Structures are given as C-alpha cells and as structure tokens.
file upload_1.txt (compact mmCIF, C-alpha atoms)
# COMPACT_ATOMS: atom_id res chain seq x y z
CA MET D 1 0.00 0.00 0.00
CA ASN D 2 2.80 2.36 1.01
CA LYS D 3 4.65 1.56 -2.19
CA ILE D 4 1.59 2.50 -4.25
CA LEU D 5 1.16 5.77 -2.34
CA ILE D 6 4.84 6.67 -2.75
CA THR D 7 4.65 5.91 -6.47
CA ILE D 8 1.55 8.11 -6.89
CA ILE D 9 3.09 11.00 -4.90
CA THR D 10 6.36 10.74 -6.83
CA PHE D 11 4.45 10.66 -10.11
CA LEU D 12 2.43 13.77 -9.13
CA TYR D 13 5.57 15.57 -7.91
CA PHE D 14 7.29 15.17 -11.27
CA THR D 15 4.28 15.76 -13.53
CA PHE D 16 2.58 18.68 -11.72
CA PRO D 17 5.18 21.39 -12.52
CA ALA D 18 5.16 20.36 -16.18
CA ASN D 19 1.41 20.95 -16.43
CA CYS D 20 1.37 24.11 -14.31
CA LEU D 21 1.22 27.46 -16.10
CA GLU D 22 3.52 30.23 -14.95
CA ASN D 23 1.21 32.94 -13.66
CA ASP D 24 1.61 36.63 -14.40
CA PHE D 25 1.43 38.09 -10.89
CA ILE D 26 1.50 41.67 -12.19
CA VAL D 27 -1.71 41.09 -14.13
CA ASP D 28 -3.30 39.22 -11.22
CA GLU D 29 -2.32 41.89 -8.71
CA PHE D 30 -2.87 45.15 -10.57
CA LEU D 31 -4.98 44.60 -13.68
CA LEU D 32 -7.41 41.74 -13.15
CA ASN D 33 -10.07 43.77 -11.35
CA LYS D 34 -9.70 46.87 -13.49
CA ASN D 35 -12.05 47.75 -16.31
CA LEU D 36 -9.59 48.53 -19.10
CA GLU D 37 -10.57 50.13 -22.38
CA GLU D 38 -9.17 48.80 -25.64
CA PRO D 39 -6.70 51.33 -27.11
CA TYR D 40 -7.66 53.13 -30.31
CA ILE D 41 -6.84 51.25 -33.51
CA ASN D 42 -6.59 53.16 -36.78
CA THR D 43 -7.30 50.62 -39.50
CA ASN D 44 -10.19 52.54 -41.17
CA TYR D 45 -7.96 55.16 -42.75
CA ASN D 46 -8.75 56.97 -45.97
CA TYR D 47 -6.01 59.01 -47.62
CA GLN D 48 -7.93 60.00 -50.74
CA SER D 49 -7.62 63.61 -49.65
CA THR D 50 -4.99 64.77 -47.18
CA LYS D 51 -6.34 68.28 -46.62
CA TYR D 52 -5.71 69.52 -43.13
CA ILE D 53 -6.10 72.54 -40.87
CA PRO D 54 -3.14 73.43 -38.63
CA ILE D 55 -3.97 73.86 -34.94
CA LYS D 56 -1.54 75.96 -32.90
CA ILE D 57 -1.19 74.96 -29.27
CA LEU D 58 0.85 75.94 -26.19
CA ILE D 59 1.75 73.82 -23.20
CA THR D 60 0.20 74.92 -19.88
CA GLU D 61 3.12 73.78 -17.67
CA PRO D 62 6.60 74.02 -19.24
CA ILE D 63 8.84 70.96 -19.45
CA LYS D 64 12.39 71.82 -18.43
CA SER D 65 13.86 68.44 -19.20
CA GLU D 66 12.77 65.00 -20.34
CA LYS D 67 13.86 63.83 -16.87
CA ASP D 68 10.88 65.62 -15.31
CA ILE D 69 8.27 63.57 -17.14
CA TYR D 70 7.49 59.90 -17.61
CA GLU D 71 6.06 57.77 -20.39
CA GLY D 72 2.28 57.65 -20.25
CA GLN D 73 2.04 61.00 -18.41
CA ILE D 74 -0.83 63.26 -19.51
CA LEU D 75 0.18 66.79 -20.52
CA LYS D 76 -2.15 69.75 -20.96
CA PHE D 77 -2.06 72.18 -23.86
CA LYS D 78 -4.35 75.03 -24.92
CA THR D 79 -5.16 76.44 -28.34
CA VAL D 80 -3.54 79.74 -29.28
CA GLU D 81 -6.31 80.97 -31.56
CA ASN D 82 -9.72 80.07 -32.90
CA VAL D 83 -9.66 77.30 -35.49
CA PHE D 84 -12.02 77.64 -38.46
CA GLU D 85 -13.47 75.15 -40.91
CA ASN D 86 -15.51 76.68 -43.73
CA ARG D 87 -15.59 80.02 -41.86
CA LYS D 88 -17.15 78.33 -38.85
CA ILE D 89 -15.33 78.08 -35.52
CA ILE D 90 -14.64 74.44 -34.72
CA ILE D 91 -12.17 74.96 -31.84
CA LYS D 92 -12.24 78.07 -29.68
CA LYS D 93 -9.15 79.88 -28.44
CA ASP D 94 -7.82 78.61 -25.06
CA THR D 95 -9.53 75.22 -25.42
CA LEU D 96 -7.77 72.68 -23.25
CA ILE D 97 -6.14 69.76 -25.05
CA ALA D 98 -4.88 66.62 -23.36
CA ALA D 99 -1.95 64.71 -24.81
CA ARG D 100 0.16 61.78 -23.67
CA VAL D 101 3.92 61.40 -23.41
CA GLU D 102 4.42 58.45 -25.75
CA THR D 103 8.17 57.85 -25.67
CA ILE D 104 11.11 59.55 -24.02
CA ILE D 105 14.54 59.24 -25.62
CA ARG D 106 17.30 60.30 -23.23
CA ASN D 107 20.23 62.39 -24.44
CA GLY D 108 23.36 60.44 -25.21
CA MET D 109 27.09 60.53 -25.86
CA ASN D 110 28.58 62.28 -28.90
CA GLY D 111 26.06 65.12 -28.68
CA ILE D 112 22.99 62.98 -29.37
CA PRO D 113 19.99 65.02 -28.20
CA ALA D 114 17.12 63.86 -26.02
CA SER D 115 13.65 63.87 -27.49
CA ILE D 116 10.07 63.58 -26.31
CA ILE D 117 7.36 62.07 -28.49
CA ILE D 118 3.93 63.43 -27.59
CA GLY D 119 0.78 61.92 -29.03
CA ASN D 120 -2.83 60.85 -28.43
CA PHE D 121 -4.13 64.42 -28.62
CA GLN D 122 -7.66 64.82 -27.27
CA ILE D 123 -9.64 67.93 -28.25
CA PRO D 124 -13.27 68.28 -27.13
CA GLU D 125 -15.77 67.64 -29.95
CA ILE D 126 -12.99 66.69 -32.36
CA ASN D 127 -12.51 63.11 -33.46
CA SER D 128 -9.02 62.08 -32.35
CA ASN D 129 -8.76 59.85 -35.43
CA ASN D 130 -8.54 62.99 -37.56
CA LEU D 131 -5.72 64.57 -35.58
CA GLN D 132 -2.01 64.22 -36.27
CA PHE D 133 -0.91 61.30 -34.14
CA GLU D 134 2.45 62.52 -32.89
CA PHE D 135 4.76 65.41 -32.35
CA GLU D 136 8.44 65.02 -31.48
CA LYS D 137 10.44 67.66 -29.63
CA TYR D 138 14.23 67.37 -29.78
CA GLY D 139 16.86 68.87 -27.50
CA LEU D 140 19.94 70.69 -28.77
CA ASP D 141 21.69 68.46 -31.30
CA LEU D 142 25.46 68.77 -30.89
CA SER D 143 26.37 65.73 -32.96
CA LEU D 144 26.88 67.78 -36.14
CA LEU D 145 29.73 69.49 -34.29
CA VAL D 146 30.94 66.49 -32.31
CA PHE D 147 31.18 63.86 -35.09
CA PRO D 148 33.72 65.84 -37.25
CA ILE D 149 35.84 66.52 -34.14
CA LYS D 150 35.67 62.85 -33.23
CA TRP D 151 36.77 61.76 -36.72
CA ALA D 152 39.57 64.36 -36.78
CA LEU D 153 40.90 63.12 -33.42
CA THR D 154 40.50 59.40 -34.13
CA PRO D 155 44.10 59.04 -35.55
CA LEU D 156 45.38 60.28 -32.17
CA PRO D 157 44.05 57.70 -29.72
CA PRO D 158 42.42 58.01 -27.27
CA LEU D 159 41.52 61.62 -28.05
CA GLY D 160 38.67 60.60 -30.38
CA SER D 161 36.93 58.83 -27.52
CA LEU D 162 36.92 62.00 -25.42
CA THR D 163 33.98 63.29 -27.48
CA ASN D 164 31.91 60.53 -25.90
CA PHE D 165 31.68 62.74 -22.84
CA ILE D 166 29.88 65.49 -24.76
CA LYS D 167 26.20 64.93 -24.23
CA GLY D 168 23.35 66.28 -26.34
CA GLY D 169 20.79 68.77 -25.07
CA HIS D 170 17.73 68.01 -22.96
CA ALA D 171 14.32 68.15 -24.61
CA LYS D 172 12.41 71.16 -23.33
CA ILE D 173 9.04 72.64 -24.12
CA LYS D 174 8.72 76.28 -23.09
CA GLN D 175 5.39 77.84 -22.21
CA ASN D 176 5.62 80.28 -25.12
CA GLN D 177 6.67 77.69 -27.70
CA ILE D 178 3.94 77.17 -30.28
CA ILE D 179 3.42 73.60 -31.42
CA THR D 180 1.39 72.91 -34.55
CA ILE D 181 -0.68 69.76 -34.96
CA ASN D 182 -2.70 68.98 -38.08
CA TYR D 183 -6.40 68.30 -38.15
CA TYR D 184 -7.12 66.09 -41.18
CA LEU D 185 -10.53 66.72 -42.67
CA ASN D 186 -10.96 63.51 -44.56
CA SER D 187 -9.84 60.71 -42.22
CA LEU D 188 -12.58 58.20 -41.69
CA PRO D 189 -13.85 57.83 -38.13
CA LYS D 190 -13.45 54.51 -36.36
CA MET V 1 20.62 1.23 -79.20
CA LYS V 2 17.90 3.57 -80.41
CA ILE V 3 15.67 2.47 -77.55
CA PHE V 4 18.36 3.43 -75.03
CA LYS V 5 18.63 6.87 -76.62
CA ILE V 6 14.87 7.38 -76.35
CA ILE V 7 14.84 6.22 -72.70
CA PHE V 8 17.76 8.51 -71.94
CA LEU V 9 15.94 11.47 -73.52
CA ILE V 10 12.75 10.69 -71.61
CA ILE V 11 14.67 10.54 -68.29
CA LEU V 12 16.38 13.86 -69.07
CA SER V 13 13.09 15.56 -69.92
CA ILE V 14 11.53 14.28 -66.67
CA ILE V 15 14.47 15.61 -64.65
CA PHE V 16 14.31 19.06 -66.28
CA SER V 17 10.55 19.34 -66.00
CA ASN V 18 10.80 18.42 -62.29
CA CYS V 19 13.43 21.14 -61.74
CA ALA V 20 11.29 23.72 -63.51
CA PHE V 21 8.28 22.65 -61.46
CA ALA V 22 10.29 22.92 -58.22
CA ASN V 23 11.54 26.39 -59.18
CA GLU V 24 8.01 27.50 -59.98
CA GLN V 25 6.80 26.13 -56.65
CA ASP V 26 9.54 28.04 -54.83
CA LEU V 27 8.63 31.23 -56.67
CA ILE V 28 4.95 30.85 -55.81
CA LYS V 29 5.87 30.23 -52.17
CA GLU V 30 8.18 33.28 -52.07
CA ASN V 31 5.52 35.41 -53.75
CA GLU V 32 2.99 34.36 -51.09
CA ILE V 33 5.41 35.32 -48.30
CA GLN V 34 6.28 38.64 -49.96
CA THR V 35 2.58 39.49 -50.40
CA LYS V 36 1.95 38.69 -46.74
CA ILE V 37 4.87 40.91 -45.68
CA ASN V 38 3.73 43.80 -47.90
CA THR V 39 0.14 43.64 -46.68
CA CYS V 40 1.22 43.70 -43.05
CA ALA V 41 3.86 46.41 -43.59
CA TYR V 42 1.66 48.84 -45.52
CA LYS V 43 -1.09 48.39 -42.97
CA ILE V 44 1.38 49.51 -40.28
CA LEU V 45 2.54 52.49 -42.37
CA ASN V 46 -1.01 53.62 -43.21
CA SER V 47 -2.43 53.12 -39.73
CA ASN V 48 0.36 55.19 -38.21
CA GLN V 49 0.20 58.06 -40.74
CA ILE V 50 3.84 57.42 -41.71
CA GLN V 51 4.61 59.64 -44.69
CA ASN V 52 8.02 58.16 -45.56
CA LYS V 53 8.60 55.69 -48.34
CA ILE V 54 9.92 52.35 -47.11
CA ILE V 55 10.13 49.07 -49.00
CA PHE V 56 10.04 45.52 -47.68
CA THR V 57 11.90 42.54 -49.07
CA TYR V 58 11.85 38.86 -48.28
CA ASP V 59 15.31 37.35 -48.64
CA ASP V 60 15.70 33.65 -48.09
CA THR V 61 19.27 33.45 -49.39
CA GLU V 62 21.15 35.69 -46.97
CA LYS V 63 21.52 34.63 -43.35
CA LYS V 64 21.27 37.09 -40.50
CA THR V 65 21.10 36.03 -36.92
CA THR V 66 20.82 39.46 -35.36
CA LEU V 67 18.38 42.27 -36.12
CA ASN V 68 20.56 44.40 -38.36
CA ASN V 69 19.53 47.99 -39.05
CA ASN V 70 21.96 48.85 -41.86
CA LYS V 71 19.59 48.45 -44.81
CA ALA V 72 16.80 50.25 -42.97
CA LEU V 73 19.09 53.24 -42.37
CA LEU V 74 20.80 53.42 -45.76
CA ASN V 75 18.17 52.22 -48.23
CA ARG V 76 15.00 52.65 -46.19
CA GLU V 77 14.45 48.97 -46.86
CA VAL V 78 13.32 46.43 -44.29
CA ILE V 79 14.60 42.95 -45.10
CA VAL V 80 12.91 39.88 -43.67
CA TYR V 81 15.59 37.20 -43.72
CA GLY V 82 14.70 33.56 -44.12
CA ASP V 83 16.12 32.55 -40.75
CA ILE V 84 14.06 35.28 -39.07
CA TYR V 85 10.91 34.40 -41.00
CA LYS V 86 11.03 30.76 -39.95
CA ASN V 87 10.53 31.91 -36.34
CA ILE V 88 7.47 34.00 -37.18
CA GLU V 89 4.38 32.09 -36.16
CA ASN V 90 1.62 34.64 -36.75
CA ASP V 91 0.77 38.13 -38.05
CA ASP V 92 1.51 39.78 -34.69
CA GLU V 93 5.09 38.53 -34.73
CA LEU V 94 5.53 39.54 -38.37
CA ALA V 95 4.17 43.00 -37.48
CA ALA V 96 6.61 43.12 -34.55
CA PHE V 97 9.61 42.54 -36.78
CA LEU V 98 8.41 44.94 -39.48
CA SER V 99 7.46 47.66 -36.99
CA ARG V 100 11.00 47.69 -35.58
CA GLY V 101 12.42 48.11 -39.06
CA ILE V 102 9.90 50.84 -39.87
CA VAL V 103 10.89 52.78 -36.73
CA ILE V 104 14.56 52.80 -37.75
CA ALA V 105 13.84 53.58 -41.42
CA THR V 106 11.46 56.41 -40.46
CA ARG V 107 13.97 58.01 -38.13
CA SER V 108 16.52 57.99 -40.97
CA TYR V 109 14.32 60.50 -42.82
CA ASN V 110 14.38 63.25 -40.17
CA GLY V 111 16.89 65.97 -39.50
CA VAL V 112 20.04 67.38 -41.07
CA ALA V 113 21.07 66.26 -44.61
CA ASN V 114 17.86 64.31 -45.25
CA GLY V 115 18.36 62.21 -42.17
CA PHE V 116 22.07 61.45 -42.65
CA LEU V 117 22.94 62.83 -39.21
CA ARG V 118 20.09 60.96 -37.52
CA SER V 119 21.28 57.74 -39.19
CA LEU V 120 24.80 58.37 -37.87
CA GLN V 121 23.38 58.85 -34.38
CA ILE V 122 21.56 55.51 -34.60
CA LYS V 123 24.79 53.86 -35.75
CA ALA V 124 26.75 55.56 -32.96
CA ALA V 125 24.31 54.61 -30.20
CA PRO V 126 22.80 51.27 -31.24
CA LYS V 127 21.92 50.22 -27.69
CA LYS V 128 19.89 53.34 -27.06
CA PHE V 129 17.99 53.12 -30.35
CA GLU V 130 17.41 49.39 -29.93
CA ILE V 131 15.20 50.25 -26.97
CA VAL V 132 13.60 53.15 -28.89
CA ALA V 133 12.78 50.79 -31.78
CA ASP V 134 11.23 48.27 -29.37
CA LYS V 135 9.05 50.88 -27.68
CA ARG V 136 7.92 52.58 -30.88
CA ALA V 137 7.25 49.18 -32.46
CA VAL V 138 4.75 48.52 -29.65
CA ASP V 139 2.96 51.80 -30.49
CA TYR V 140 2.91 51.04 -34.20
CA MET V 141 1.57 47.54 -33.60
CA VAL V 142 -1.23 48.77 -31.36
CA LYS V 143 -2.31 51.49 -33.81
CA SER V 144 -2.46 48.99 -36.66
CA GLY V 145 -4.46 46.44 -34.72
CA TYR V 146 -1.78 43.89 -33.85
CA HIS V 147 -1.27 42.47 -30.37
CA PRO V 148 1.94 43.96 -28.87
CA ILE V 149 2.71 40.80 -26.89
CA GLY V 150 3.76 39.45 -30.31
CA LEU V 151 6.93 41.53 -29.94
CA ILE V 152 7.73 39.84 -26.63
CA THR V 153 7.24 36.32 -28.00
CA PHE V 154 9.21 37.21 -31.14
CA ILE V 155 12.24 38.53 -29.22
CA GLN V 156 11.99 35.66 -26.74
CA LYS V 157 12.43 33.22 -29.63
CA THR V 158 14.95 35.04 -31.82
CA VAL V 159 17.35 37.09 -29.68
CA SER V 160 19.98 35.21 -27.74
CA GLN V 161 20.91 36.18 -24.19
CA ARG V 162 24.45 37.58 -23.95
CA ARG V 163 26.66 37.26 -20.88
CA GLN V 164 26.78 41.01 -20.35
CA ASP V 165 25.84 44.23 -22.10
CA VAL V 166 28.30 46.68 -20.55
CA ILE V 167 30.88 46.29 -23.33
CA SER V 168 28.47 45.52 -26.10
CA THR V 169 26.56 47.23 -28.87
CA HIS V 170 23.37 45.41 -27.88
CA ASN V 171 21.26 45.25 -24.74
CA LEU V 172 20.61 42.00 -22.94
CA ALA V 173 17.56 40.31 -24.44
CA SER V 174 16.06 39.95 -20.94
CA LYS V 175 16.48 43.69 -20.35
CA ARG V 176 14.75 44.55 -23.62
CA LEU V 177 11.88 42.20 -22.85
CA ALA V 178 11.43 43.70 -19.38
CA ILE V 179 11.39 47.23 -20.81
CA ILE V 180 8.82 46.24 -23.45
CA TYR V 181 6.69 44.54 -20.77
CA GLU V 182 6.80 47.68 -18.60
CA TYR V 183 5.99 49.87 -21.61
CA ILE V 184 2.93 47.74 -22.43
CA TYR V 185 1.90 47.75 -18.76
CA THR V 186 2.15 51.56 -18.60
CA LYS V 187 0.51 52.48 -21.90
CA TYR V 188 -1.55 49.51 -23.03
CA PRO V 189 -2.44 47.41 -19.94
CA TYR V 190 -5.52 46.17 -21.79
CA TYR V 191 -3.27 43.86 -23.83
CA LEU V 192 -1.72 42.28 -20.75
CA LYS V 193 -5.15 41.53 -19.36
CA GLU V 194 -6.60 40.34 -22.67
CA ASN V 195 -3.65 38.20 -23.63
CA PRO V 196 -4.21 35.32 -26.08
CA TYR V 197 -0.51 34.46 -25.80
CA PHE V 198 -0.75 33.59 -22.11
CA ASN V 199 -0.88 29.83 -22.75
CA SER V 200 1.70 29.85 -25.55
CA GLU V 201 4.98 28.14 -24.80
CA SER V 202 7.16 31.12 -25.75
CA TYR V 203 5.20 33.57 -23.55
CA GLN V 204 5.19 31.09 -20.67
CA ASN V 205 8.94 30.84 -21.10
CA PHE V 206 9.19 34.64 -21.01
CA LEU V 207 7.21 34.67 -17.74
CA LEU V 208 9.50 32.00 -16.33
CA THR V 209 12.73 33.73 -17.32
CA SER V 210 11.63 37.27 -16.43
CA LEU V 211 10.61 36.57 -12.85
CA ASN V 212 13.22 38.82 -11.21
CA ASN V 213 12.65 41.71 -13.59
CA ARG V 214 8.88 41.52 -13.11
CA LYS V 215 9.41 41.54 -9.34
CA LEU V 216 11.33 44.79 -9.76
CA LEU V 217 8.40 46.20 -11.72
CA GLU V 218 5.96 44.96 -9.08
CA GLU V 219 7.87 46.93 -6.42
CA LYS V 220 7.90 50.01 -8.65
CA ILE V 221 4.13 49.84 -9.16
CA LYS V 222 3.49 49.27 -5.44
CA ASN V 223 5.64 52.27 -4.50
CA ASN V 224 4.09 54.37 -7.28
CA SER V 225 7.66 55.18 -8.34
CA LYS V 226 8.59 56.84 -11.65
CA GLU V 227 12.30 55.94 -11.62
CA ASN V 228 13.94 53.97 -14.41
CA LEU V 229 14.51 50.42 -13.30
CA LYS V 230 17.84 48.69 -13.75
CA TYR V 231 16.73 45.45 -15.34
CA GLU V 232 19.11 42.54 -15.67
call {"tool": "encode", "arguments": {"input": "upload_1.txt", "output": "structure tokens"}}
result
Amino acid sequence: MNKILITIITFLYFTFPANCLENDFIVDEFLLNKNLEEPYINTNYNYQSTKYIPIKILITEPIKSEKDIYEGQILKFKTVENVFENRKIIIKKDTLIAARVETIIRNGMNGIPASIIIGNFQIPEINSNNLQFEFEKYGLDLSLLVFPIKWALTPLPPLGSLTNFIKGGHAKIKQNQIITINYYLNSLPK
Amino acid sequence: MKIFKIIFLIILSIIFSNCAFANEQDLIKENEIQTKINTCAYKILNSNQIQNKIIFTYDDTEKKTTLNNNKALLNREVIVYGDIYKNIENDDELAAFLSRGIVIATRSYNGVANGFLRSLQIKAAPKKFEIVADKRAVDYMVKSGYHPIGLITFIQKTVSQRRQDVISTHNLASKRLAIIYEYIYTKYPYYLKENPYFNSESYQNFLLTSLNNRKLLEEKIKNNSKENLKYE
C-alpha cells in the first residue's frame, strides 16, 4: 500500500510542474479587477484627400527636461487661436487639449539630443482619429559638431573617444513655444 | 541502341521538368510570403500616418542572426531574412519585426542632410535606439491592430541572451523584454489583461525567465515610483 502511495506521490511531484502554467502576478495583482478600455486602432484610414487645418497649441506647464516627465504622463495644452473650418469656428481659443507622453529618448554621448514624443491628442468635440498622431520635440543636437571633431581626433588615440563625454541637449518645451498639430478633414472615423 | 537513346531522352526531360516545377513552386511560395509581408507592412505604415517611403523585401538566401539595421538606415528597406521568417508564427510577430524596421527607417528620414545625421546617431548609439525601436514598435503595432505581446514572443524566440551588455553594442535580451513589458503595462495594460498568448509556450517561457525583472516592476508599481529600473 505504502509503495503505491509513494509511487503516486512521486508521479504527481514530477508531472505537476510540467502541467502548471507560470502565472503573471503583475496582471493578477494590478490589472485583473480593473475595467480597461481597448486602445484606439486606426485601421479605417482613408487618404484620398490629405487636406488639413493646422492647430496651434501651447503647453500649460513648461517641461524643463525630459527627466521631469514619464512615459504615459498626460500633458495639458491650450489652443492659441480660434480654429475655423468653412468660416465656422470648430475649436475656440484657449480650449484645453490633453496629450500623452508616448516615448522619451534620453540624451546620449557624442552630442545625441534627447527627445520627447507626444501623441494621443484629445480635443473636445474633435474626433481624435482625424488629428495628427504625434509630435516630437528634440533637444539641442550637438552631434553635427561632435562627429567631425571625433573623426579628426581618431588618428590620435584616445583623443577621439573623449567626445563621448559630450552629451546632447535636454528636450524642453517652453510655455511660449507654439506647437502645430494637423487636423485632417478627410480621415474616416473609427 | 535507339531504344536506349529514347529512354535517356525521356529521363532527361523528366528531370528538367521536375526542376522547372520545383523552381516555380519556390517562386509561388516566395511570392505568397512577400505578399503577406507587404500587406502587413503597408497596414502599419497607413495606420500610423507614416509619410516616408519604405520598401520591404523577403530574402531567403542571406543569413542574418541578429536584427541588423543597416539596410533600414541606408536604403529605407526592411529585409525579412529567411532565418528570421522561420521563427514568425503569426501576423503579430511579423508586425513586430516589421514595426522595428519601420521605426529605424522612419527616423533615418528626419533631420540634417535628409536624415544622414540621424542615421549616424543611430549607428553611434545602437543600444539606445534598440530600446527606442522596441518601444515605438509597440505603439505602431497597437495602432495597426496587432497584439503587442507578439513583440515579446518574437524577441523571446529570436534574440539570444548575452553574458553582459556593458561592453556591447546590444542590450541583454532579458532587459529589452522587461522594458517592453513595462511599456505595455504603462501604456496599453488592456493587452496584458486580454492576452491570447498567455498559454503559448514562448510567452510562458518569457514569464518563467523574467521573474526577477517583473518583481522589480511589481515593487515600482506598489511604490508608485517613476524611476527607471535597472533590469538585468
């Protein structure tokens, strides 16, 4: 009897882990009970006409460096002026616009600048499908200066490598810096 | 003697017709793959409003074991190599590979000298832009209706784990996977919850091998921290 029991236990011990799925504790802990909306998918595009109206916007809180923000953060902008379509106001001046920090690229060696990609613009009463998806703001690009110096110094090692210590500029968005996003008139809604 | 000649000629004609048939079969197969790649690629370009011209080529002859960006930067051409394609199991994984190439090719259009400087920057800092390509590929995939977990399963299967990445032009595969996972968690948590890949062997293997990195992320979420994690 004992032998049979030991055999069964041993069998279960070796087979159970093989059949057991590795669980995703992050999903179980933080996402399982949340009601999550499916992200917007843009597969119903129509590029027969690419007419657009530019919308000028300003950020409400300046960004001094890409280090101060994080991916997924919501930023606020406001429109600089009224936006017209067929002589009719479609977006009033000072309308608040929400946008999301999509990707942050940190500044790097050899003068490579940082950049912030902002997207997912949300304007009241405007279909987001018709808006320009993204806007990228770069920091000061020093690589045009650094690369020739690096190449000139390469025959004198290790001087060429010293340019690695020159870092590119941080990506900033000042409060008075106008950003233009396009509102496409002919994109099909979802 | 004449009979032998006739038999010989018949055998020859059979051999040549078989070769021609095999070549035609190969061409039809390659054409099917190329059509599939083009359909997927142009869907990604159109869905993401990408206004740069990029072409896509299936190449079964050349072997590439790593994800090489040279052609994407110089020719704005994304090449799907045969040894990469054999690891692609579904449209999501194909979209994952193509999206990464599109990110690099698109960035080569911007900036000074028609993107020449930007291309140099990508060549000079491949590790940095490897992560950028991964993150942007997730965005492109989502916008064009593909499941971003396909990028995780694709990298899990195709990118080998190095011993270290300090003196290397590439990041550790595990580090890239953890960053992609965090990116999806932050921006598109819906796809982690609604995950058809959960039972797949490659995703299960990712969960198994990324335990420590996911624990780091768990702590970050619990502490509501915004710091960049040092994944292994």
call {"tool": "interface_residues", "arguments": {"input": "upload_1.txt", "of": "chain V", "to": "chain D", "cutoff": "6 Å", "atoms": "all atoms listed in the file", "output": "ChimeraX atom specification"}}
result
/V:47,143-145,187,190
call {"tool": "atom_distance", "arguments": {"input": "upload_1.txt", "atom1": "CA of Ile55 in chain D", "atom2": "CA of Phe84 in chain D"}}
result
9.6 Å
call {"tool": "residues_around", "arguments": {"input": "upload_1.txt", "residues": "Tyr52 in chain D", "least_positions_apart": "2", "cutoff": "7 Å", "atoms": "all atoms listed in the file", "output": "count of residues only"}}
result
6
call {"tool": "closest_residue", "arguments": {"input": "upload_1.txt", "among": "D:Ser65, D:Ser115, D:Thr163, D:Asn186", "to": "Trp151 in chain D", "atoms": "only C-alpha atoms"}}
result
D:Thr163
call {"tool": "residues_around", "arguments": {"input": "upload_1.txt", "residues": "Gly160 in chain D", "least_positions_apart": "5", "cutoff": "9 Å", "atoms": "only C-alpha atoms", "output": "list in words"}}
result
Ile149, Lys150, Trp151, Ala152, Leu153, Thr154 and Pro155 of chain D
call {"tool": "atom_distance", "arguments": {"input": "upload_1.txt", "atom1": "CA of Lys128 in chain V", "atom2": "CA of Leu73 in chain V"}}
result
15.3 Å
call {"tool": "closest_residue", "arguments": {"input": "upload_1.txt", "among": "D:Gln175, D:Thr180, D:Asn86, D:Ser161", "to": "Thr60 in chain D", "atoms": "only C-alpha atoms"}}
result
D:Gln175
call {"tool": "closest_residue", "arguments": {"input": "upload_1.txt", "among": "V:Lys220, V:Gly82, V:Tyr181, V:Asn110", "to": "Glu136 in chain D", "atoms": "only C-alpha atoms"}}
result
V:Asn110
call {"tool": "residues_near_point", "arguments": {"input": "upload_1.txt", "point": "(6.5, 74.6, -20.8)", "cutoff": "12 Å", "atoms": "all atoms listed in the file", "output": "VMD selection string"}}
result
chain D and resid 57 to 66 68 to 69 75 to 78 137 171 to 179
call {"tool": "atom_distance", "arguments": {"input": "upload_1.txt", "atom1": "CA of Glu32 in chain V", "atom2": "CA of Phe97 in chain V"}}
result
17.8 Å
call {"tool": "build_atoms", "arguments": {"input": "upload_1.txt", "residues": "range 76-89 of chain V", "atoms": "N, CA and C atoms", "output": "compact mmCIF listing (two decimals), keeping the file's coordinate frame"}}
result
# COMPACT_ATOMS: atom_id res chain seq x y z
N ARG V 76 16.41 52.61 -46.63
CA ARG V 76 15.00 52.65 -46.19
C ARG V 76 14.29 51.38 -46.68
N GLU V 77 14.95 50.27 -46.43
CA GLU V 77 14.45 48.97 -46.86
C GLU V 77 14.49 48.01 -45.67
N VAL V 78 13.37 47.40 -45.40
CA VAL V 78 13.32 46.43 -44.29
C VAL V 78 13.40 45.04 -44.91
N ILE V 79 14.42 44.29 -44.52
CA ILE V 79 14.60 42.95 -45.10
C ILE V 79 14.19 41.89 -44.08
N VAL V 80 13.31 41.01 -44.52
CA VAL V 80 12.91 39.88 -43.67
C VAL V 80 13.74 38.69 -44.14
N TYR V 81 14.72 38.31 -43.35
CA TYR V 81 15.59 37.20 -43.72
C TYR V 81 14.91 35.86 -43.45
N GLY V 82 15.31 34.88 -44.24
CA GLY V 82 14.70 33.56 -44.12
C GLY V 82 14.79 32.99 -42.73
N ASP V 83 15.96 33.16 -42.08
CA ASP V 83 16.12 32.55 -40.75
C ASP V 83 15.33 33.31 -39.68
N ILE V 84 14.95 34.55 -39.97
CA ILE V 84 14.06 35.28 -39.07
C ILE V 84 12.62 34.82 -39.33
N TYR V 85 12.30 34.72 -40.62
CA TYR V 85 10.91 34.40 -41.00
C TYR V 85 10.48 33.03 -40.47
N LYS V 86 11.42 32.10 -40.41
CA LYS V 86 11.03 30.76 -39.95
C LYS V 86 10.59 30.75 -38.48
N ASN V 87 10.95 31.82 -37.74
CA ASN V 87 10.53 31.91 -36.34
C ASN V 87 9.22 32.67 -36.16
N ILE V 88 8.72 33.23 -37.27
CA ILE V 88 7.47 34.00 -37.18
C ILE V 88 6.28 33.06 -37.29
N GLU V 89 5.49 33.04 -36.21
CA GLU V 89 4.38 32.09 -36.16
C GLU V 89 3.05 32.69 -36.57
